[in-house]
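Step one of this worksheet: look at the structure below.
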Amino acid sequence: MTSPIRIAVIGGGLAGAIVANSLRKTPLVDVQVYESAPEFSERGLGIGLSKLALQALEEIIPSATDLLRSDAGAVDIGASRIVIGSGPKAGALVCDIEGDAGLAMTRGPLLKALLSLVPNDILHAAKKLASLEQTASGVNITFEDGTAATFDAVIGADGIFSTVRKHVLQGAEEHGASPVGGWECRNLVPVAKAKAVLGETSFEVDREYCWVGDGGFMMHALVDDGTMVQCIVACVETDFPPDRKRTVTREVLEDVLDKSWFDGPIGKQMVEIMLDQESPIGYSIWEHKTTPTYSHGRVCLVGDAAHTTSPYQGAGGGLAIEDAFILGNLLSTISSATQLEAAFKAFDMVRRPRCQKVIDTSRASGQLLSGQTPDVGVDAEKMATEMDVLFGHIDALDLQAHKQAALDGLQKLLAQ
Ligand SMILES: Cc1cc2nc3c(=O)[nH]c(=O)nc-3n(C[C@H](O)[C@H](O)[C@H](O)COP(=O)(O)OP(=O)(O)OC[C@H]3O[C@@H](n4cnc5c(N)ncnc54)[C@H](O)[C@@H]3O)c2cc1C
């Protein structure tokens, strides 16, 4: 009998959970997942998975969509309307976007549903990776609790400030996370209150609204079965607080948003909603601008550890699912641990250009929605055209062709 290929996944967030599901299907692989937190859990608000992300997930977990509906409370992503919010054209329609057959859900139940499909004894909480070292035949890892283990390979799914990333990039600090140039503040308010402040007209049709303009954009959407409204004000960032947070006050918002927001249909009202909470905080958005490789020997990066992207296209989670799909297929093809390095190289070859493009178009989308794109500004027609360009490529990926490119790449590398 061939001995199993032992793989440690570091990080038990969305990427780690999906990779664990994907690798569980490959008979030769024995996978163990290590999470630094005392338990496997996800905080934070909702997440939307696009049609393509769900297709990739179905490749890993057949009937994943049903599972997410039944166990994670997932609901269809509804329609959204994009409207100008500042300047003389305030109120003009940019475009309407129909729901794209994706699903929206909260993160905690999503992670729980994904982890419910893997055996409990492969999930190890309170295990924070401290260091890793590659040898000729594998990877030695040590945890902060002083314990150590040896694996044939390590997959880093440990998020934006990944320890595994530092190893893969050999400490090249210029490829660490850095500010994208935007921050955002949120408040979740009861629907009655939102209607009273924002006006009834925004709620006549159940859809998300995105108000775009000079210096930022504002969003509001019904959540929690229509009982609550999620409100977001996203602003251009020009100072970059090292702790990635700022206290949000009226002065801060008036300073960053163009004055014309406050004469428009929504600016003043959304600012009131943001300030109507205890200590409103604005969180800076960071990303990985460049990454020279996702793999180094027997160590590979997935999810935000490899390619943190800004949230403006809601695509980071989908990329993690695509990673798991491709990696699972590559690792099903190899017959021994000596082929791991080639599999990780093949993964890097197809995934890096794809993810880098999303990082770049996502950043550009944030700039567009904040009226910062040269020659476009807050012109509704030009914005609509530019949106098509920036968003069109994300769900246009042919998953099967992408998989085949990875497998072909692996065969070439193995033949060398
Ligand atoms: C505001 C916002 C909105 C977003 N909206 C969407 C959306 O609508 N759709 C979408 O697809 N994407 C969205 N994203 C992106 C998406 O949330 C991320 O891409 C995704 O959650 C990344 O998952 P991950 O597992 O790679 O990283 P993380 O979720 O960061 O998980 C990393 C895990 O590793 C653990 N860890 C860290 N260090 C160590 C260590 N040394 N040892 C062991 N464990 C460790 C952490 O505790 C954590 O559990 C959004 C992101 C943001 C910021």
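As shown in the structure tokens, the chain order sets the letters A, B, ...; within each chain, residues go from 1, and ligands are also counted from 1 in the order they appear.
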Inset, instruction - Could you report the residues within 8 Å of ligand 1, using only C-alpha atoms and all ligand atoms, as a PyMOL selection string? - result: chain A and resi 10-17+34-37+40-42+45-50+53+104+126-130+143+157-164+285+302-306+308-320
What are the closest atom pairs, with distances in Å to one decimal, for each residue of segment 239-296 of chain A lying within 12 Å of segment 355-368 of chain A, using only C-alpha atoms, rows by chain and rising residue number, as a Markdown table?
```
| residue | atom | partner | partner_atom | distance |
| --- | --- | --- | --- | --- |
| A:Ile285 | CA | A:Arg363 | CA | 9.9 |
| A:Trp286 | CA | A:Arg363 | CA | 9.9 |
| A:Glu287 | CA | A:Ile359 | CA | 7.6 |
| A:His288 | CA | A:Ile359 | CA | 7.7 |
| A:Lys289 | CA | A:Ile359 | CA | 7.3 |
| A:Thr290 | CA | A:Gln356 | CA | 7.5 |
| A:Thr291 | CA | A:Gln356 | CA | 8.2 |
| A:Pro292 | CA | A:Gln356 | CA | 10.4 |
| A:Thr293 | CA | A:Gln356 | CA | 11.1 |
| A:Tyr294 | CA | A:Cys355 | CA | 10.7 |
```
For the residues in that selection, give me N, CA and C atoms as a compact mmCIF listing (two decimals), in the first residue's frame.
```
# COMPACT_ATOMS: atom_id res chain seq x y z
N ILE A 285 -9.10 49.42 4.45
CA ILE A 285 -9.09 48.21 3.62
C ILE A 285 -7.66 47.99 3.13
N TRP A 286 -7.15 46.79 3.35
CA TRP A 286 -5.80 46.44 2.91
C TRP A 286 -5.86 45.28 1.91
N GLU A 287 -4.79 45.15 1.16
CA GLU A 287 -4.75 44.12 0.11
C GLU A 287 -3.30 43.66 -0.08
N HIS A 288 -3.11 42.60 -0.85
CA HIS A 288 -1.77 42.22 -1.31
C HIS A 288 -1.61 42.76 -2.73
N LYS A 289 -0.84 43.80 -2.88
CA LYS A 289 -0.73 44.41 -4.22
C LYS A 289 0.00 43.51 -5.20
N THR A 290 1.07 42.90 -4.71
CA THR A 290 1.83 42.02 -5.59
C THR A 290 2.27 40.79 -4.80
N THR A 291 2.39 39.68 -5.49
CA THR A 291 2.86 38.44 -4.86
C THR A 291 3.66 37.70 -5.92
N PRO A 292 4.97 37.54 -5.72
CA PRO A 292 5.78 36.93 -6.77
C PRO A 292 5.55 35.43 -6.95
N THR A 293 5.05 34.76 -5.93
CA THR A 293 4.74 33.32 -6.07
C THR A 293 3.80 32.88 -4.96
N TYR A 294 3.00 31.88 -5.24
CA TYR A 294 2.14 31.29 -4.20
C TYR A 294 2.76 30.01 -3.64
```
Determine which residues of segment 191-369 of chain A receive a DSSP assignment of alpha helix (DSSP H), computed from the backbone, and state them as a compact mmCIF listing (two decimals) with N, CA and C atoms, in the first residue's frame.
```txt
# COMPACT_ATOMS: atom_id res chain seq x y z
N VAL A 191 -35.34 48.28 10.36
CA VAL A 191 -35.87 48.81 9.11
C VAL A 191 -36.72 50.07 9.32
N ALA A 192 -37.46 50.12 10.42
CA ALA A 192 -38.34 51.29 10.64
C ALA A 192 -37.48 52.55 10.77
N LYS A 193 -36.38 52.39 11.45
CA LYS A 193 -35.50 53.55 11.65
C LYS A 193 -34.86 53.99 10.32
N ALA A 194 -34.41 52.99 9.54
CA ALA A 194 -33.79 53.31 8.24
C ALA A 194 -34.80 54.02 7.34
N LYS A 195 -36.03 53.54 7.35
CA LYS A 195 -37.06 54.18 6.50
C LYS A 195 -37.31 55.61 6.97
N ALA A 196 -37.33 55.79 8.29
CA ALA A 196 -37.60 57.13 8.83
C ALA A 196 -36.48 58.10 8.42
N VAL A 197 -35.24 57.62 8.42
CA VAL A 197 -34.12 58.53 8.12
C VAL A 197 -33.87 58.65 6.61
N LEU A 198 -33.89 57.50 5.92
CA LEU A 198 -33.51 57.51 4.49
C LEU A 198 -34.70 57.78 3.56
N ARG A 250 -18.48 63.46 12.64
CA ARG A 250 -19.07 64.25 11.56
C ARG A 250 -17.97 64.98 10.77
N GLU A 251 -16.98 65.51 11.51
CA GLU A 251 -15.90 66.28 10.87
C GLU A 251 -15.11 65.37 9.91
N VAL A 252 -14.83 64.14 10.37
CA VAL A 252 -14.07 63.21 9.53
C VAL A 252 -14.83 62.96 8.22
N LEU A 253 -16.15 62.73 8.33
CA LEU A 253 -16.94 62.42 7.13
C LEU A 253 -17.08 63.66 6.23
N GLU A 254 -17.26 64.82 6.86
CA GLU A 254 -17.40 66.04 6.05
C GLU A 254 -16.08 66.38 5.34
N ASP A 255 -15.00 65.97 5.97
CA ASP A 255 -13.69 66.25 5.40
C ASP A 255 -13.42 65.39 4.16
N VAL A 256 -13.84 64.13 4.20
CA VAL A 256 -13.47 63.22 3.11
C VAL A 256 -14.50 63.23 1.97
N GLY A 267 -26.67 61.71 1.28
CA GLY A 267 -25.44 61.92 2.07
C GLY A 267 -25.70 62.25 3.53
N LYS A 268 -26.49 63.31 3.75
CA LYS A 268 -26.74 63.76 5.13
C LYS A 268 -27.35 62.64 5.95
N GLN A 269 -28.32 61.94 5.35
CA GLN A 269 -29.05 60.91 6.07
C GLN A 269 -28.15 59.74 6.45
N MET A 270 -27.29 59.30 5.52
CA MET A 270 -26.41 58.17 5.82
C MET A 270 -25.39 58.55 6.89
N VAL A 271 -24.94 59.81 6.85
CA VAL A 271 -24.00 60.26 7.88
C VAL A 271 -24.69 60.20 9.25
N GLU A 272 -25.97 60.60 9.32
CA GLU A 272 -26.69 60.51 10.60
C GLU A 272 -26.71 59.07 11.08
N ILE A 273 -26.98 58.14 10.16
CA ILE A 273 -27.06 56.72 10.57
C ILE A 273 -25.70 56.24 11.07
N MET A 274 -24.62 56.62 10.38
CA MET A 274 -23.28 56.18 10.82
C MET A 274 -22.96 56.69 12.22
N LEU A 275 -23.37 57.96 12.48
CA LEU A 275 -23.00 58.57 13.77
C LEU A 275 -23.91 58.10 14.90
N GLY A 303 -6.28 31.24 -0.47
CA GLY A 303 -7.17 32.23 0.16
C GLY A 303 -6.47 33.56 0.38
N ASP A 304 -6.87 34.25 1.45
CA ASP A 304 -6.32 35.58 1.70
C ASP A 304 -4.83 35.55 1.99
N ALA A 305 -4.29 34.44 2.43
CA ALA A 305 -2.84 34.35 2.66
C ALA A 305 -2.10 34.55 1.33
N ALA A 306 -2.70 34.10 0.25
CA ALA A 306 -2.08 34.23 -1.07
C ALA A 306 -2.44 35.55 -1.73
N HIS A 307 -3.73 35.94 -1.62
CA HIS A 307 -4.22 37.04 -2.48
C HIS A 307 -5.35 37.81 -1.80
N GLY A 316 -13.31 37.79 -2.78
CA GLY A 316 -12.22 37.09 -2.09
C GLY A 316 -12.58 35.68 -1.69
N GLY A 317 -13.78 35.49 -1.17
CA GLY A 317 -14.21 34.14 -0.75
C GLY A 317 -14.33 33.22 -1.95
N GLY A 318 -14.84 33.76 -3.06
CA GLY A 318 -14.96 32.96 -4.28
C GLY A 318 -13.60 32.50 -4.77
N LEU A 319 -12.59 33.37 -4.67
CA LEU A 319 -11.24 32.98 -5.09
C LEU A 319 -10.73 31.82 -4.23
N ALA A 320 -11.03 31.87 -2.94
CA ALA A 320 -10.58 30.79 -2.05
C ALA A 320 -11.21 29.46 -2.47
N ILE A 321 -12.47 29.52 -2.90
CA ILE A 321 -13.14 28.28 -3.33
C ILE A 321 -12.50 27.76 -4.63
N GLU A 322 -12.21 28.68 -5.55
CA GLU A 322 -11.52 28.26 -6.79
C GLU A 322 -10.17 27.63 -6.46
N ASP A 323 -9.44 28.23 -5.50
CA ASP A 323 -8.14 27.67 -5.08
C ASP A 323 -8.31 26.21 -4.67
N ALA A 324 -9.30 25.99 -3.81
CA ALA A 324 -9.50 24.64 -3.26
C ALA A 324 -9.87 23.66 -4.37
N PHE A 325 -10.65 24.12 -5.32
CA PHE A 325 -11.06 23.26 -6.44
C PHE A 325 -9.83 22.86 -7.26
N ILE A 326 -8.99 23.82 -7.59
CA ILE A 326 -7.80 23.53 -8.41
C ILE A 326 -6.80 22.68 -7.63
N LEU A 327 -6.56 23.04 -6.39
CA LEU A 327 -5.58 22.29 -5.60
C LEU A 327 -6.03 20.84 -5.41
N GLY A 328 -7.32 20.66 -5.16
CA GLY A 328 -7.85 19.30 -4.98
C GLY A 328 -7.61 18.46 -6.22
N ASN A 329 -7.84 19.06 -7.39
CA ASN A 329 -7.64 18.32 -8.65
C ASN A 329 -6.18 18.00 -8.87
N LEU A 330 -5.31 18.95 -8.57
CA LEU A 330 -3.88 18.70 -8.76
C LEU A 330 -3.39 17.60 -7.83
N LEU A 331 -3.81 17.67 -6.58
CA LEU A 331 -3.30 16.69 -5.62
C LEU A 331 -3.93 15.31 -5.81
N SER A 332 -5.06 15.26 -6.52
CA SER A 332 -5.63 13.92 -6.85
C SER A 332 -4.81 13.24 -7.93
N THR A 333 -4.04 14.04 -8.67
CA THR A 333 -3.32 13.51 -9.82
C THR A 333 -1.96 12.92 -9.42
N LEU A 340 4.78 16.77 -4.99
CA LEU A 340 4.05 17.90 -4.38
C LEU A 340 4.55 19.26 -4.88
N GLU A 341 5.85 19.38 -5.00
CA GLU A 341 6.42 20.67 -5.40
C GLU A 341 5.91 21.06 -6.80
N ALA A 342 5.86 20.08 -7.69
CA ALA A 342 5.37 20.36 -9.05
C ALA A 342 3.89 20.74 -9.01
N ALA A 343 3.12 20.05 -8.16
CA ALA A 343 1.69 20.36 -8.07
C ALA A 343 1.49 21.79 -7.58
N PHE A 344 2.27 22.20 -6.59
CA PHE A 344 2.14 23.56 -6.06
C PHE A 344 2.59 24.60 -7.11
N LYS A 345 3.61 24.24 -7.90
CA LYS A 345 4.05 25.17 -8.96
C LYS A 345 2.95 25.33 -10.01
N ALA A 346 2.31 24.21 -10.36
CA ALA A 346 1.23 24.26 -11.36
C ALA A 346 0.07 25.10 -10.83
N PHE A 347 -0.21 24.96 -9.52
CA PHE A 347 -1.25 25.77 -8.87
C PHE A 347 -0.90 27.26 -9.02
N ASP A 348 0.34 27.60 -8.70
CA ASP A 348 0.79 28.99 -8.79
C ASP A 348 0.63 29.53 -10.22
N MET A 349 0.99 28.69 -11.19
CA MET A 349 0.97 29.14 -12.59
C MET A 349 -0.42 29.57 -13.05
N VAL A 350 -1.45 28.83 -12.64
CA VAL A 350 -2.80 29.22 -13.12
C VAL A 350 -3.51 30.18 -12.17
N ARG A 351 -3.26 30.03 -10.88
CA ARG A 351 -4.05 30.82 -9.94
C ARG A 351 -3.56 32.26 -9.80
N ARG A 352 -2.25 32.49 -9.90
CA ARG A 352 -1.74 33.84 -9.62
C ARG A 352 -2.25 34.88 -10.62
N PRO A 353 -2.20 34.61 -11.93
CA PRO A 353 -2.72 35.64 -12.86
C PRO A 353 -4.21 35.91 -12.64
N ARG A 354 -4.96 34.86 -12.39
CA ARG A 354 -6.40 35.01 -12.14
C ARG A 354 -6.66 35.90 -10.91
N CYS A 355 -6.01 35.58 -9.81
CA CYS A 355 -6.27 36.30 -8.56
C CYS A 355 -5.73 37.72 -8.62
N GLN A 356 -4.58 37.89 -9.27
CA GLN A 356 -4.00 39.24 -9.38
C GLN A 356 -4.93 40.16 -10.15
N LYS A 357 -5.56 39.61 -11.19
CA LYS A 357 -6.48 40.43 -11.99
C LYS A 357 -7.66 40.89 -11.12
N VAL A 358 -8.17 39.97 -10.28
CA VAL A 358 -9.29 40.36 -9.42
C VAL A 358 -8.83 41.43 -8.42
N ILE A 359 -7.65 41.26 -7.83
CA ILE A 359 -7.14 42.27 -6.88
C ILE A 359 -7.10 43.64 -7.57
N ASP A 360 -6.62 43.66 -8.80
CA ASP A 360 -6.47 44.94 -9.52
C ASP A 360 -7.82 45.54 -9.91
N THR A 361 -8.75 44.69 -10.38
CA THR A 361 -10.05 45.26 -10.79
C THR A 361 -10.88 45.63 -9.56
N SER A 362 -10.66 44.93 -8.46
CA SER A 362 -11.40 45.27 -7.24
C SER A 362 -10.96 46.64 -6.73
N ARG A 363 -9.64 46.87 -6.70
CA ARG A 363 -9.13 48.18 -6.30
C ARG A 363 -9.69 49.27 -7.22
N ALA A 364 -9.65 48.99 -8.52
CA ALA A 364 -10.15 49.97 -9.50
C ALA A 364 -11.65 50.21 -9.31
N SER A 365 -12.39 49.19 -8.88
CA SER A 365 -13.84 49.36 -8.65
C SER A 365 -14.08 50.30 -7.48
N GLY A 366 -13.27 50.16 -6.42
CA GLY A 366 -13.40 51.07 -5.28
C GLY A 366 -13.16 52.50 -5.71
N GLN A 367 -12.15 52.69 -6.57
CA GLN A 367 -11.85 54.05 -7.06
C GLN A 367 -12.99 54.57 -7.92
N LEU A 368 -13.52 53.68 -8.76
CA LEU A 368 -14.62 54.08 -9.66
C LEU A 368 -15.84 54.53 -8.84
N LEU A 369 -16.22 53.69 -7.87
CA LEU A 369 -17.43 53.99 -7.09
C LEU A 369 -17.25 55.25 -6.25
```
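Picture a line from atom CA of Asp121 of chain A to atom CA of Val31 of chain A; it runs 10.4 Å.
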Inset, instruction - Work out how far atom CA of Gly213 of chain A is from atom CA of Lys259 of chain A, in Å to one decimal. - result: 10.7 Å
Inset, instruction - Could you check which of A:Ile266, A:Val236, A:Ile7, A:Val154 is closest to His220 of chain A, using only C-alpha atoms? - result: A:Ile266
Inset, instruction - Name all residues at most 12 Å from Asp388 of chain A (count only C-alpha atoms; drop same-chain ones fewer than 2 positions away) and give them as a PyMOL selection string. - result: chain A and resi 94-97+313+361+365+368+381-386+390-396
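Residues in contact range of Lys245 of chain A, defined as at most 8 Å between only C-alpha atoms, with sequence neighbours fewer than 3 positions away removed, read Pro241, Pro242, Ile281, Gly282, Tyr283 and Ser284 of chain A.
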Inset, instruction - Give the strand (DSSP E) residues of segment 68-207 of chain A, as assigned by DSSP on the backbone, as a PyMOL selection string. - result: chain A and resi 75-76+80-84+93-97+103-106+123-124+129-134+139-143+148-151+153-156+178-190
Legend entry - Pick from A:Ser63, A:Ser295, A:Thr338, A:Ser86, whichever lies nearest to Phe262 of chain A using only C-alpha atoms: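 Between A:Ser63, A:Ser295, A:Thr338, A:Ser86, the residue approaching Phe262 of chain A most closely is A:Ser86.
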Inset, instruction - May I ask for the distance between atom CA of Leu103 of chain A and atom CA of Pro119 of chain A, given in Å to one decimal place? - result: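 These atoms are spaced 25.8 Å apart.
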Inset, instruction - Point out the residue among A:Glu184, A:Asp206, A:Asp225, A:Glu133 with the least atom-to-atom distance to Asp152 of chain A, counting only C-alpha atoms. - result: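 For Asp152 of chain A, the nearest of the candidates is A:Glu133.
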Legend entry - Which of A:Ala90, A:Asp243, A:Ala401, A:Ile5 sits closest to Ser178 of chain A [using only C-alpha atoms]: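 Using only C-alpha atoms, the shortest distance to Ser178 of chain A belongs to A:Asp243.
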Inset, instruction - Might you pull out every residue within 7 Å of Cys235 of chain A, with only C-alpha atoms counted and same-chain residues fewer than 4 positions away left off, and present them as a PyMOL selection string? - result: chain A and resi 182-184+215-217+256
Legend entry - Nearest to Ala380 of chain A, chosen from A:Gly87, A:Asp224, A:Glu144, A:Val205, with only C-alpha atoms counted in the distances: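 Under the stated criterion, the closest residue is A:Gly87.
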Inset, instruction - Please identify all polymer residues within 7 Å of Met218 of chain A, counting only C-alpha atoms, omitting same-chain residues fewer than 4 positions from it, and present them as a PyMOL selection string. - result: chain A and resi 210-212+232-234
Go ahead and save the residues from that selection, with C-alpha atoms, as a PDB file, in the first residue's frame.
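Writing done, so here's result.pdb:
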```pdb
ATOM      1  CA  CYS A 210     -25.230  51.777  -3.900  1.00  0.00           C
ATOM      2  CA  TRP A 211     -24.877  55.554  -4.045  1.00  0.00           C
ATOM      3  CA  VAL A 212     -21.679  56.546  -5.782  1.00  0.00           C
ATOM      4  CA  ILE A 232     -22.150  51.232   4.792  1.00  0.00           C
ATOM      5  CA  VAL A 233     -20.251  54.437   4.110  1.00  0.00           C
ATOM      6  CA  ALA A 234     -16.999  53.790   2.204  1.00  0.00           C
TER       7      ALA A 234
END
```
Inset, instruction - Go through A:Gln404, A:Thr227, A:Ser260, A:Thr247 and flag the residue nearest Pro280 of chain A, using only C-alpha atoms for the distances. - result: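 Closest to Pro280 of chain A of all the choices is A:Thr247.
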Legend entry - All residues 8 Å or closer to Leu54 of chain A, only C-alpha atoms, same chain fewer than 6 positions away omitted, as a PyMOL selection string: chain A and resi 64-65+102+318
Using C-alpha atoms, can you export the residues from the last selection as a PDB file, in the first residue's frame?
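Output below, filename part18.pdb:
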```
ATOM      1  CA  ALA A  64     -23.361  22.503  -1.644  1.00  0.00           C
ATOM      2  CA  THR A  65     -26.054  25.003  -2.618  1.00  0.00           C
ATOM      3  CA  GLY A 102     -25.483  33.725  -6.141  1.00  0.00           C
ATOM      4  CA  GLY A 318     -14.961  32.958  -4.279  1.00  0.00           C
TER       5      GLY A 318
END
```
